[in-house]
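As structure tokens, the structure follows; a few thoughts come after it.
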Amino acid sequence: MMALNIPKNKTPIAEQEPEIRNHNFKEVVLGYTLEEAITESNRCLQCLTHPCVAGCPVSIDIPGFILSLRKNDLGESIKILKSYNNLPAVCGRVCPQESQCEGKCTVGLMKDHEPVAIGKLERFVADWAASHEEIEESPQLVESETKGKVAVIGAGPSGLTVAADLAKRGYKVKIFEALHEPGGVLIYGIPEFRLPKTIVKREIRAIEELGVELEKDVVVGKTLTPEELKDEYDAIYIGTGAGTPRFMNIPGTNLNGVYSASEFLTRINLMHAYEFPKYDTPIRIGKRVVVVGAGNVAMDGSRSALRLGAEKSMIIYRRSEKEMPARIEEYHHAMEEGIEFHWLTNPIEYIGDENGNVKSVRCLKMELGEPDASGRRRPVPIEGSEFTIEADTVIEAIGQTSNKVLLSAFPELKLNKRGYIEANSETSATSVEGVYAGGDIVTGAATVILAMGAGKKSAQAIDEYLGSKKKA
Ligand code: FAD
Ligand code: SF4
Ligand code: SF4
């Protein structure tokens, strides 16, 4: 039987060598060749029950796109992918596949076997399609405003998905984005070496070609009111994300050289600080960098610092390696590149020099106690364990929360106890009729594909809502 003969491990993929890539911002993973992709596609068992699909928040027909790839019918393969996912090259790169599609793959459940590399195959097909644009179907053009007008607030993965899906259904959609570039975290948060900006821009261009209009530099709640949108549009979708940083709020936070990860990464990604002075935005690094936190944001911050010339880039985390929230692939890449990890360590003060620049971090050692509300064991300080780490730069990456600009201008919107918009988990409907919300602004900081999944469900719900309104 095929299952007995398949290679145990995923087909290896080319990557830049760690000691080279930790000095440049070029993409780390180089991608499969056609031959390698077909070899990997042959590891898929084409299971009748295809559990991988249930693991994908947008339910991609995974065996279908892999089978077409195996037959070297890449045109069909991209068609299948695009019918479920408007950002396949992005998802193939940044989805936490190990806990989603690949986490459910039958092959991965077999003794000593790795799952099929679904994400890497998705990325391969999407990249192939981008270099063979003539193969892709020409986008469906929206002729008129016949089905209704929808405003989308925020051009992150959630807003882009709902916009694309509604445009495909014949709606006139306009996205309002606060920044001067669309893409949300894909543009301002995730660094170039994990997700090249040309790829994000390419996939956004394809969405605009569906007829979606995009207006940048509009902060809804400031430069445009929700009332103005309600007057002009039949429905509104809010996908404003969770971009406001949380802080440790410990003494010394105001010292020079202490950044939030949001500011640090936005300067690098959106404002191109890594290309200073070609671009106007500088960034100060120094020799020793401490990053607080161990999620994807912390990995991105510490690896960016290394690329910007830090001699030592350290991660300190109050729990242990086991509780670390980062994607496993990013953790491995960070270790290979020389990031130093200090587990069970919590900062309690940043200490400055006479000029107000941070010079060290006072820390406490922790141990793990009983599980807390998150189900993870609670870190407990060890008395008398204080010690100091020298640092020229500190980056706090301990999480984000909702941005209040729009929320305070829209008081009718019901929020939950954590300050996020309350929305129906199936339809994304909010407490205000005709207003929908999804992505991080509803769930709190989560993942690209969950934000996209919410956008997909919401497009369906908005279509049904406007359809029934028309009939009434
Ligand atoms: P966002 O991506 O935050 O987009 C919201 C958009 O709304 C932004 O463009 C913002 O400017 C705009 N906006 C906000 N307020 C207004 C307003 N009032 N008016 C107009 N526009 C507004 N997830 C993964 O799956 N894999 C990863 O590897 C990963 N790495 C990450 C690394 C970093 C550094 C960060 C910060 C997050 C990472 N995530 C990752 C999480 C993921 O990026 C988010 O869950 C996802 O982007 C949420 O999508 P969204 O559309 O809800 O919001
Ligand atoms: Fe897996 Fe993400 Fe692709 Fe879905 S979109 S198949 S979860 S990589
Ligand atoms: Fe293929 Fe794995 Fe999905 Fe089965 S579960 S169809 S082996 S990708």
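Going through the structure tokens in order, the chains are called A, B, and so on, while each chain numbers its residues from 1 and the ligands are numbered from 1 in the order shown.
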Report as an mmCIF file with N, CA and C atoms, in the first residue's frame all protein, DNA and RNA residues lying within 10 Å of Leu69 (chain A), evaluated on only C-alpha atoms, omitting residues in the same chain fewer than 3 positions from it.
```cif
data_model
loop_
_atom_site.group_PDB
_atom_site.id
_atom_site.type_symbol
_atom_site.label_atom_id
_atom_site.label_comp_id
_atom_site.auth_asym_id
_atom_site.auth_seq_id
_atom_site.Cartn_x
_atom_site.Cartn_y
_atom_site.Cartn_z
ATOM 1 N N LEU A 34 9.892 22.746 -9.085
ATOM 2 C CA LEU A 34 8.739 21.958 -9.551
ATOM 3 C C LEU A 34 8.941 20.482 -9.209
ATOM 4 N N ALA A 37 8.410 19.887 -5.576
ATOM 5 C CA ALA A 37 6.989 20.024 -5.204
ATOM 6 C C ALA A 37 6.220 18.769 -5.622
ATOM 7 N N ILE A 38 6.527 18.250 -6.807
ATOM 8 C CA ILE A 38 5.822 17.041 -7.252
ATOM 9 C C ILE A 38 6.207 15.852 -6.362
ATOM 10 N N GLU A 40 6.989 15.989 -3.245
ATOM 11 C CA GLU A 40 6.267 16.136 -1.978
ATOM 12 C C GLU A 40 4.779 15.830 -2.171
ATOM 13 N N SER A 41 4.228 16.229 -3.314
ATOM 14 C CA SER A 41 2.790 15.983 -3.546
ATOM 15 C C SER A 41 2.507 14.478 -3.559
ATOM 16 N N ASN A 42 3.514 13.680 -3.924
ATOM 17 C CA ASN A 42 3.331 12.224 -3.945
ATOM 18 C C ASN A 42 3.250 11.625 -2.546
ATOM 19 N N PRO A 63 -6.603 18.034 -0.823
ATOM 20 C CA PRO A 63 -6.245 16.929 -1.733
ATOM 21 C C PRO A 63 -6.434 17.312 -3.194
ATOM 22 N N GLY A 64 -7.416 18.173 -3.461
ATOM 23 C CA GLY A 64 -7.691 18.589 -4.850
ATOM 24 C C GLY A 64 -6.530 19.385 -5.434
ATOM 25 N N PHE A 65 -6.049 20.396 -4.693
ATOM 26 C CA PHE A 65 -4.972 21.214 -5.284
ATOM 27 C C PHE A 65 -3.674 20.413 -5.360
ATOM 28 N N ILE A 66 -3.495 19.474 -4.383
ATOM 29 C CA ILE A 66 -2.262 18.658 -4.407
ATOM 30 C C ILE A 66 -2.311 17.660 -5.565
ATOM 31 N N ASN A 72 0.981 17.755 -12.538
ATOM 32 C CA ASN A 72 1.642 18.884 -13.205
ATOM 33 C C ASN A 72 0.634 19.792 -13.904
ATOM 34 N N ASP A 73 -0.605 19.822 -13.404
ATOM 35 C CA ASP A 73 -1.611 20.736 -13.935
ATOM 36 C C ASP A 73 -1.698 21.932 -12.964
ATOM 37 N N LEU A 74 -0.726 22.815 -13.078
ATOM 38 C CA LEU A 74 -0.626 23.905 -12.094
ATOM 39 C C LEU A 74 -1.709 24.958 -12.285
ATOM 40 N N GLY A 75 -2.187 25.091 -13.512
ATOM 41 C CA GLY A 75 -3.283 26.034 -13.777
ATOM 42 C C GLY A 75 -4.509 25.630 -12.971
ATOM 43 N N GLU A 76 -4.819 24.333 -12.983
ATOM 44 C CA GLU A 76 -5.980 23.833 -12.235
ATOM 45 C C GLU A 76 -5.718 23.951 -10.725
ATOM 46 N N SER A 77 -4.479 23.680 -10.339
ATOM 47 C CA SER A 77 -4.135 23.717 -8.926
ATOM 48 C C SER A 77 -4.340 25.126 -8.347
ATOM 49 N N ILE A 78 -3.909 26.152 -9.068
ATOM 50 C CA ILE A 78 -4.067 27.529 -8.545
ATOM 51 C C ILE A 78 -5.542 27.929 -8.581
ATOM 52 N N LEU A 121 3.623 23.532 -0.310
ATOM 53 C CA LEU A 121 3.059 23.240 -1.637
ATOM 54 C C LEU A 121 2.142 24.378 -2.083
ATOM 55 N N GLU A 122 1.374 24.905 -1.138
ATOM 56 C CA GLU A 122 0.475 26.028 -1.461
ATOM 57 C C GLU A 122 1.308 27.232 -1.940
ATOM 58 N N PHE A 124 4.274 27.089 -3.240
ATOM 59 C CA PHE A 124 4.877 26.801 -4.538
ATOM 60 C C PHE A 124 3.881 27.119 -5.661
ATOM 61 N N VAL A 125 2.646 26.633 -5.516
ATOM 62 C CA VAL A 125 1.656 26.821 -6.590
ATOM 63 C C VAL A 125 1.365 28.318 -6.772
#
```
Enumerate as a PDB file with N, CA and C atoms, in the first residue's frame the residues within 7 Å of ligand 1, counting only C-alpha atoms and all ligand atoms.
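Ended up saving to result_32.pdb:
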```pdb
ATOM      1  N   VAL A  94       3.031  31.995   6.078  1.00  0.00           N
ATOM      2  CA  VAL A  94       2.946  32.373   7.496  1.00  0.00           C
ATOM      3  C   VAL A  94       1.901  31.617   8.319  1.00  0.00           C
ATOM      4  N   CYS A  95       1.072  30.783   7.697  1.00  0.00           N
ATOM      5  CA  CYS A  95       0.093  30.035   8.504  1.00  0.00           C
ATOM      6  C   CYS A  95       0.809  29.133   9.507  1.00  0.00           C
ATOM      7  N   PRO A  96       0.308  29.035  10.723  1.00  0.00           N
ATOM      8  CA  PRO A  96       0.870  28.040  11.653  1.00  0.00           C
ATOM      9  C   PRO A  96       0.370  26.649  11.263  1.00  0.00           C
ATOM     10  N   ILE A 153     -13.621  48.496   6.702  1.00  0.00           N
ATOM     11  CA  ILE A 153     -12.674  49.356   7.439  1.00  0.00           C
ATOM     12  C   ILE A 153     -11.466  48.509   7.826  1.00  0.00           C
ATOM     13  N   GLY A 154     -10.324  48.826   7.221  1.00  0.00           N
ATOM     14  CA  GLY A 154      -9.087  48.096   7.514  1.00  0.00           C
ATOM     15  C   GLY A 154      -8.725  47.148   6.385  1.00  0.00           C
ATOM     16  N   ALA A 155      -7.494  47.294   5.853  1.00  0.00           N
ATOM     17  CA  ALA A 155      -7.043  46.452   4.735  1.00  0.00           C
ATOM     18  C   ALA A 155      -6.063  45.389   5.198  1.00  0.00           C
ATOM     19  N   GLY A 156      -6.355  44.746   6.343  1.00  0.00           N
ATOM     20  CA  GLY A 156      -5.573  43.588   6.772  1.00  0.00           C
ATOM     21  C   GLY A 156      -6.150  42.341   6.107  1.00  0.00           C
ATOM     22  N   PRO A 157      -5.636  41.151   6.453  1.00  0.00           N
ATOM     23  CA  PRO A 157      -6.119  39.931   5.798  1.00  0.00           C
ATOM     24  C   PRO A 157      -7.623  39.721   5.928  1.00  0.00           C
ATOM     25  N   SER A 158      -8.210  40.173   7.043  1.00  0.00           N
ATOM     26  CA  SER A 158      -9.641  39.971   7.225  1.00  0.00           C
ATOM     27  C   SER A 158     -10.439  40.864   6.283  1.00  0.00           C
ATOM     28  N   GLY A 159     -10.109  42.172   6.286  1.00  0.00           N
ATOM     29  CA  GLY A 159     -10.802  43.116   5.419  1.00  0.00           C
ATOM     30  C   GLY A 159     -10.604  42.776   3.949  1.00  0.00           C
ATOM     31  N   PHE A 176     -11.403  51.172   3.372  1.00  0.00           N
ATOM     32  CA  PHE A 176     -10.780  52.381   3.924  1.00  0.00           C
ATOM     33  C   PHE A 176      -9.649  51.947   4.849  1.00  0.00           C
ATOM     34  N   GLU A 177      -8.446  52.377   4.546  1.00  0.00           N
ATOM     35  CA  GLU A 177      -7.272  51.949   5.315  1.00  0.00           C
ATOM     36  C   GLU A 177      -6.559  53.168   5.920  1.00  0.00           C
ATOM     37  N   ALA A 178      -6.228  53.060   7.206  1.00  0.00           N
ATOM     38  CA  ALA A 178      -5.604  54.188   7.913  1.00  0.00           C
ATOM     39  C   ALA A 178      -4.175  54.472   7.431  1.00  0.00           C
ATOM     40  N   LEU A 179      -3.431  53.435   7.095  1.00  0.00           N
ATOM     41  CA  LEU A 179      -2.012  53.624   6.741  1.00  0.00           C
ATOM     42  C   LEU A 179      -1.853  53.961   5.248  1.00  0.00           C
ATOM     43  N   PRO A 182      -1.766  49.216   2.091  1.00  0.00           N
ATOM     44  CA  PRO A 182      -2.700  48.190   2.565  1.00  0.00           C
ATOM     45  C   PRO A 182      -1.958  46.909   2.949  1.00  0.00           C
ATOM     46  N   GLY A 183      -2.604  46.048   3.706  1.00  0.00           N
ATOM     47  CA  GLY A 183      -2.004  44.752   4.064  1.00  0.00           C
ATOM     48  C   GLY A 183      -2.026  44.491   5.560  1.00  0.00           C
ATOM     49  N   GLY A 184      -2.228  45.536   6.372  1.00  0.00           N
ATOM     50  CA  GLY A 184      -2.234  45.341   7.829  1.00  0.00           C
ATOM     51  C   GLY A 184      -0.910  44.785   8.299  1.00  0.00           C
ATOM     52  N   VAL A 185      -0.978  43.823   9.214  1.00  0.00           N
ATOM     53  CA  VAL A 185       0.243  43.254   9.794  1.00  0.00           C
ATOM     54  C   VAL A 185       1.145  42.643   8.712  1.00  0.00           C
ATOM     55  N   LEU A 186       0.551  42.174   7.617  1.00  0.00           N
ATOM     56  CA  LEU A 186       1.353  41.552   6.553  1.00  0.00           C
ATOM     57  C   LEU A 186       2.370  42.545   5.993  1.00  0.00           C
ATOM     58  N   GLY A 189       4.004  44.542   9.999  1.00  0.00           N
ATOM     59  CA  GLY A 189       4.474  43.741  11.127  1.00  0.00           C
ATOM     60  C   GLY A 189       5.450  42.631  10.749  1.00  0.00           C
ATOM     61  N   ILE A 190       5.040  41.772   9.824  1.00  0.00           N
ATOM     62  CA  ILE A 190       5.860  40.591   9.506  1.00  0.00           C
ATOM     63  C   ILE A 190       7.036  41.015   8.609  1.00  0.00           C
ATOM     64  N   VAL A 218      -7.019  56.955   5.451  1.00  0.00           N
ATOM     65  CA  VAL A 218      -8.324  57.342   6.009  1.00  0.00           C
ATOM     66  C   VAL A 218      -8.489  56.641   7.352  1.00  0.00           C
ATOM     67  N   VAL A 219      -8.523  57.409   8.438  1.00  0.00           N
ATOM     68  CA  VAL A 219      -8.722  56.809   9.765  1.00  0.00           C
ATOM     69  C   VAL A 219     -10.211  56.926  10.084  1.00  0.00           C
ATOM     70  N   VAL A 220     -10.916  55.813   9.959  1.00  0.00           N
ATOM     71  CA  VAL A 220     -12.349  55.888  10.248  1.00  0.00           C
ATOM     72  C   VAL A 220     -12.510  56.097  11.756  1.00  0.00           C
ATOM     73  N   GLY A 221     -13.324  57.116  12.083  1.00  0.00           N
ATOM     74  CA  GLY A 221     -13.435  57.509  13.494  1.00  0.00           C
ATOM     75  C   GLY A 221     -12.760  58.858  13.701  1.00  0.00           C
ATOM     76  N   GLY A 239     -12.614  45.483  10.170  1.00  0.00           N
ATOM     77  CA  GLY A 239     -11.475  44.548  10.291  1.00  0.00           C
ATOM     78  C   GLY A 239     -10.247  45.343  10.694  1.00  0.00           C
ATOM     79  N   THR A 240     -10.354  46.029  11.834  1.00  0.00           N
ATOM     80  CA  THR A 240      -9.297  46.987  12.205  1.00  0.00           C
ATOM     81  C   THR A 240      -8.167  46.370  13.024  1.00  0.00           C
ATOM     82  N   GLY A 241      -8.236  45.069  13.301  1.00  0.00           N
ATOM     83  CA  GLY A 241      -7.108  44.385  13.936  1.00  0.00           C
ATOM     84  C   GLY A 241      -6.897  44.760  15.393  1.00  0.00           C
ATOM     85  N   ALA A 242      -5.762  44.294  15.911  1.00  0.00           N
ATOM     86  CA  ALA A 242      -5.416  44.565  17.311  1.00  0.00           C
ATOM     87  C   ALA A 242      -3.991  45.112  17.316  1.00  0.00           C
ATOM     88  N   GLY A 243      -3.869  46.356  16.849  1.00  0.00           N
ATOM     89  CA  GLY A 243      -2.520  46.887  16.626  1.00  0.00           C
ATOM     90  C   GLY A 243      -1.954  47.743  17.752  1.00  0.00           C
ATOM     91  N   SER A 262       5.656  46.804  18.156  1.00  0.00           N
ATOM     92  CA  SER A 262       4.874  47.418  17.061  1.00  0.00           C
ATOM     93  C   SER A 262       5.663  48.563  16.445  1.00  0.00           C
ATOM     94  N   LEU A 265       8.963  47.170  14.696  1.00  0.00           N
ATOM     95  CA  LEU A 265       8.751  46.469  13.421  1.00  0.00           C
ATOM     96  C   LEU A 265       8.135  47.387  12.364  1.00  0.00           C
ATOM     97  N   ASN A 296       5.412  35.046  17.883  1.00  0.00           N
ATOM     98  CA  ASN A 296       5.950  35.359  16.548  1.00  0.00           C
ATOM     99  C   ASN A 296       6.515  36.765  16.497  1.00  0.00           C
ATOM    100  N   VAL A 297       5.844  37.689  17.221  1.00  0.00           N
ATOM    101  CA  VAL A 297       6.272  39.087  17.185  1.00  0.00           C
ATOM    102  C   VAL A 297       7.664  39.218  17.809  1.00  0.00           C
ATOM    103  N   ASP A 300      10.260  37.859  15.442  1.00  0.00           N
ATOM    104  CA  ASP A 300      10.495  38.819  14.350  1.00  0.00           C
ATOM    105  C   ASP A 300      11.364  39.973  14.832  1.00  0.00           C
ATOM    106  N   ARG A 327       5.482  30.177  16.322  1.00  0.00           N
ATOM    107  CA  ARG A 327       5.474  29.034  15.399  1.00  0.00           C
ATOM    108  C   ARG A 327       6.801  28.304  15.538  1.00  0.00           C
ATOM    109  N   ASN A 403      -7.412  48.796  18.951  1.00  0.00           N
ATOM    110  CA  ASN A 403      -7.194  50.234  18.795  1.00  0.00           C
ATOM    111  C   ASN A 403      -8.536  50.931  19.094  1.00  0.00           C
ATOM    112  N   VAL A 405      -9.541  54.101  18.453  1.00  0.00           N
ATOM    113  CA  VAL A 405      -9.979  55.266  17.656  1.00  0.00           C
ATOM    114  C   VAL A 405     -11.375  55.046  17.073  1.00  0.00           C
ATOM    115  N   LEU A 406     -11.546  53.942  16.374  1.00  0.00           N
ATOM    116  CA  LEU A 406     -12.853  53.691  15.769  1.00  0.00           C
ATOM    117  C   LEU A 406     -13.885  53.348  16.840  1.00  0.00           C
ATOM    118  N   GLY A 438     -14.748  41.244  12.129  1.00  0.00           N
ATOM    119  CA  GLY A 438     -14.014  39.978  12.223  1.00  0.00           C
ATOM    120  C   GLY A 438     -12.517  40.190  12.259  1.00  0.00           C
ATOM    121  N   GLY A 439     -11.802  39.099  12.512  1.00  0.00           N
ATOM    122  CA  GLY A 439     -10.339  39.173  12.627  1.00  0.00           C
ATOM    123  C   GLY A 439      -9.953  39.556  14.044  1.00  0.00           C
ATOM    124  N   ASP A 440      -8.738  40.100  14.188  1.00  0.00           N
ATOM    125  CA  ASP A 440      -8.189  40.384  15.526  1.00  0.00           C
ATOM    126  C   ASP A 440      -9.042  41.352  16.342  1.00  0.00           C
ATOM    127  N   ILE A 441      -9.834  42.209  15.690  1.00  0.00           N
ATOM    128  CA  ILE A 441     -10.639  43.179  16.453  1.00  0.00           C
ATOM    129  C   ILE A 441     -11.790  42.475  17.194  1.00  0.00           C
ATOM    130  N   ALA A 445      -5.483  39.353  19.306  1.00  0.00           N
ATOM    131  CA  ALA A 445      -4.404  38.959  18.399  1.00  0.00           C
ATOM    132  C   ALA A 445      -4.428  37.457  18.145  1.00  0.00           C
ATOM    133  N   ALA A 446      -4.561  37.054  16.875  1.00  0.00           N
ATOM    134  CA  ALA A 446      -4.664  35.617  16.537  1.00  0.00           C
ATOM    135  C   ALA A 446      -3.792  35.327  15.318  1.00  0.00           C
ATOM    136  N   THR A 447      -4.388  34.783  14.261  1.00  0.00           N
ATOM    137  CA  THR A 447      -3.569  34.433  13.092  1.00  0.00           C
ATOM    138  C   THR A 447      -4.191  34.982  11.802  1.00  0.00           C
ATOM    139  N   VAL A 448      -3.357  35.029  10.776  1.00  0.00           N
ATOM    140  CA  VAL A 448      -3.782  35.523   9.467  1.00  0.00           C
ATOM    141  C   VAL A 448      -4.973  34.710   8.959  1.00  0.00           C
ATOM    142  N   ILE A 449      -4.843  33.403   9.030  1.00  0.00           N
ATOM    143  CA  ILE A 449      -5.880  32.570   8.413  1.00  0.00           C
ATOM    144  C   ILE A 449      -7.185  32.598   9.221  1.00  0.00           C
ATOM    145  N   ALA A 451      -8.255  35.292  10.736  1.00  0.00           N
ATOM    146  CA  ALA A 451      -8.821  36.589  10.329  1.00  0.00           C
ATOM    147  C   ALA A 451      -9.462  36.445   8.945  1.00  0.00           C
TER     148      ALA A 451
END
```
Separation of CA of Lys278 (chain A) from CA of His180 (chain A) in Å: 18.5 Å
Contacts of ligand 3, 6 Å or closer, only C-alpha atoms and all ligand atoms, given as a PyMOL selection string: chain A and resi 44-47+50-52+63+105-107+116
Could you turn the residues from that selection into a file that holds N, CA and C atoms, as a compact mmCIF listing (two decimals), in the first residue's frame?
```txt
# COMPACT_ATOMS: atom_id res chain seq x y z
N CYS A 44 1.14 12.71 -0.41
CA CYS A 44 -0.27 12.85 0.00
C CYS A 44 -1.03 11.58 -0.34
N LEU A 45 -1.79 11.05 0.62
CA LEU A 45 -2.52 9.79 0.42
C LEU A 45 -3.87 9.98 -0.26
N GLN A 46 -4.26 11.25 -0.49
CA GLN A 46 -5.57 11.54 -1.07
C GLN A 46 -6.68 10.88 -0.23
N CYS A 47 -6.58 11.03 1.06
CA CYS A 47 -7.54 10.38 1.96
C CYS A 47 -8.98 10.78 1.63
N HIS A 50 -10.11 13.24 4.16
CA HIS A 50 -9.23 14.42 4.13
C HIS A 50 -9.34 15.29 5.40
N PRO A 51 -8.84 14.80 6.52
CA PRO A 51 -8.92 15.58 7.77
C PRO A 51 -8.18 16.91 7.70
N CYS A 52 -7.21 17.02 6.79
CA CYS A 52 -6.46 18.27 6.64
C CYS A 52 -7.40 19.44 6.36
N PRO A 63 -6.60 18.03 -0.82
CA PRO A 63 -6.25 16.93 -1.73
C PRO A 63 -6.43 17.31 -3.19
N CYS A 105 -3.08 16.17 9.32
CA CYS A 105 -2.78 15.31 8.16
C CYS A 105 -2.54 13.86 8.59
N THR A 106 -3.18 12.93 7.87
CA THR A 106 -3.08 11.51 8.19
C THR A 106 -1.63 11.03 8.19
N VAL A 107 -0.85 11.54 7.26
CA VAL A 107 0.55 11.09 7.17
C VAL A 107 1.30 11.45 8.45
N VAL A 116 2.31 15.90 5.32
CA VAL A 116 2.59 16.46 4.00
C VAL A 116 2.85 17.97 4.18
```
Selection near Glu396 (chain A), 12 Å with only C-alpha atoms, sequence-local residues under 6 positions removed, as a VMD selection string: chain A and resid 245 to 250 253 257 to 265 289 to 295 297 to 302 314 to 317 346 to 347 350 361
Closest contacts (chain A/ligand 2, max 6 Å, only C-alpha atoms and all ligand atoms) as CSV:
```
residue,atom,partner,partner_atom_place_in_ligand_line,distance
A:Cys56,CA,ligand 2,7 (S),3.9
A:Ile60,CA,ligand 2,6 (S),5.7
A:Cys91,CA,ligand 2,2 (Fe),5.0
A:Gly92,CA,ligand 2,8 (S),4.7
A:Cys95,CA,ligand 2,2 (Fe),4.7
A:Gln97,CA,ligand 2,1 (Fe),5.2
A:Gln100,CA,ligand 2,7 (S),5.1
A:Cys101,CA,ligand 2,1 (Fe),4.4
A:Gly119,CA,ligand 2,8 (S),4.1
A:Ile449,CA,ligand 2,2 (Fe),6.0
```
Can you pull out every residue within 12 Å of Leu306 (chain A), counting only C-alpha atoms, but drop anything in the same chain fewer than 4 positions away, and send it as a PDB file with C-alpha atoms, in the first residue's frame?
```
ATOM      1  CA  PRO A  18      21.871  30.915   8.897  1.00  0.00           C
ATOM      2  CA  GLU A  19      25.196  32.767   9.094  1.00  0.00           C
ATOM      3  CA  ILE A  20      24.475  34.503   5.780  1.00  0.00           C
ATOM      4  CA  ARG A  21      20.783  35.258   6.231  1.00  0.00           C
ATOM      5  CA  ASN A  22      21.180  36.767   9.692  1.00  0.00           C
ATOM      6  CA  HIS A  23      22.911  39.684   7.962  1.00  0.00           C
ATOM      7  CA  ASN A  24      20.308  40.343   5.283  1.00  0.00           C
ATOM      8  CA  PHE A  25      16.554  40.901   4.943  1.00  0.00           C
ATOM      9  CA  TYR A 274      16.644  48.827   7.458  1.00  0.00           C
ATOM     10  CA  ILE A 285      20.070  49.215  17.773  1.00  0.00           C
ATOM     11  CA  GLY A 286      23.358  49.120  19.718  1.00  0.00           C
ATOM     12  CA  LYS A 287      25.274  45.938  20.463  1.00  0.00           C
ATOM     13  CA  ARG A 288      23.029  44.043  22.861  1.00  0.00           C
ATOM     14  CA  VAL A 289      19.289  43.694  22.332  1.00  0.00           C
ATOM     15  CA  VAL A 290      16.793  42.174  24.749  1.00  0.00           C
ATOM     16  CA  VAL A 291      13.338  41.193  23.473  1.00  0.00           C
ATOM     17  CA  MET A 299      10.947  36.218  17.095  1.00  0.00           C
ATOM     18  CA  ASP A 300      10.495  38.819  14.350  1.00  0.00           C
ATOM     19  CA  GLY A 301      11.872  41.573  16.589  1.00  0.00           C
ATOM     20  CA  SER A 302      14.928  39.628  17.740  1.00  0.00           C
ATOM     21  CA  ALA A 310      23.227  43.679  16.987  1.00  0.00           C
ATOM     22  CA  GLU A 311      26.096  41.548  18.266  1.00  0.00           C
ATOM     23  CA  LYS A 312      23.816  39.698  20.650  1.00  0.00           C
ATOM     24  CA  SER A 313      20.045  39.410  20.390  1.00  0.00           C
ATOM     25  CA  MET A 314      18.317  37.773  23.362  1.00  0.00           C
ATOM     26  CA  ILE A 315      14.767  36.680  24.084  1.00  0.00           C
ATOM     27  CA  ALA A 334      15.775  31.992  15.309  1.00  0.00           C
ATOM     28  CA  MET A 335      17.921  29.416  17.111  1.00  0.00           C
ATOM     29  CA  GLU A 337      20.551  32.344  13.475  1.00  0.00           C
ATOM     30  CA  GLY A 338      22.043  32.652  16.954  1.00  0.00           C
ATOM     31  CA  ILE A 339      19.224  34.203  19.016  1.00  0.00           C
ATOM     32  CA  GLU A 340      19.864  33.488  22.704  1.00  0.00           C
ATOM     33  CA  THR A 393      17.954  48.198  23.228  1.00  0.00           C
TER      34      THR A 393
END
```
Every residue of region 225-371 of chain A that DSSP places in alpha helix (DSSP H), as a ChimeraX atom specification: /A:226-232,261-269,296-307,328-337
Keeping only C-alpha atoms, take the residues you just selected and write them out as a tab-separated table (two decimals), in the first residue's frame.
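The resulting file, result.tsv, is reproduced below:
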```tsv
chain	number	residue	atom	x	y	z
A	226	PRO	CA	-19.07	55.73	10.99
A	227	GLU	CA	-22.26	57.79	10.42
A	228	GLU	CA	-20.97	58.97	7.04
A	229	LEU	CA	-20.27	55.36	6.08
A	230	LYS	CA	-23.69	54.19	7.29
A	231	ASP	CA	-25.35	56.86	5.13
A	232	GLU	CA	-23.51	55.83	1.98
A	261	ALA	CA	7.59	45.64	19.07
A	262	SER	CA	4.87	47.42	17.06
A	263	GLU	CA	6.95	50.58	16.77
A	264	PHE	CA	10.19	48.67	16.17
A	265	LEU	CA	8.75	46.47	13.42
A	266	THR	CA	6.68	49.24	11.82
A	267	ARG	CA	9.79	51.41	11.53
A	268	ILE	CA	11.62	48.54	9.87
A	269	ASN	CA	8.90	47.17	7.61
A	296	ASN	CA	5.95	35.36	16.55
A	297	VAL	CA	6.27	39.09	17.18
A	298	ALA	CA	9.19	38.55	19.57
A	299	MET	CA	10.95	36.22	17.10
A	300	ASP	CA	10.50	38.82	14.35
A	301	GLY	CA	11.87	41.57	16.59
A	302	SER	CA	14.93	39.63	17.74
A	303	ARG	CA	15.79	38.34	14.27
A	304	SER	CA	15.37	41.83	12.77
A	305	ALA	CA	17.70	43.26	15.45
A	306	LEU	CA	20.37	40.74	14.50
A	307	ARG	CA	20.06	41.69	10.86
A	328	ILE	CA	7.92	26.17	15.71
A	329	GLU	CA	9.52	26.92	12.32
A	330	GLU	CA	10.25	30.52	13.38
A	331	TYR	CA	11.73	29.31	16.68
A	332	HIS	CA	14.04	26.90	14.87
A	333	HIS	CA	15.11	29.59	12.42
A	334	ALA	CA	15.77	31.99	15.31
A	335	MET	CA	17.92	29.42	17.11
A	336	GLU	CA	19.90	28.63	13.95
A	337	GLU	CA	20.55	32.34	13.47
```
Gap from CA of Gly375 (chain A) to CA of Lys322 (chain A) - Å, one decimal: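 One can read the CA of Gly375 (chain A) to CA of Lys322 (chain A) distance as 12.5 Å.
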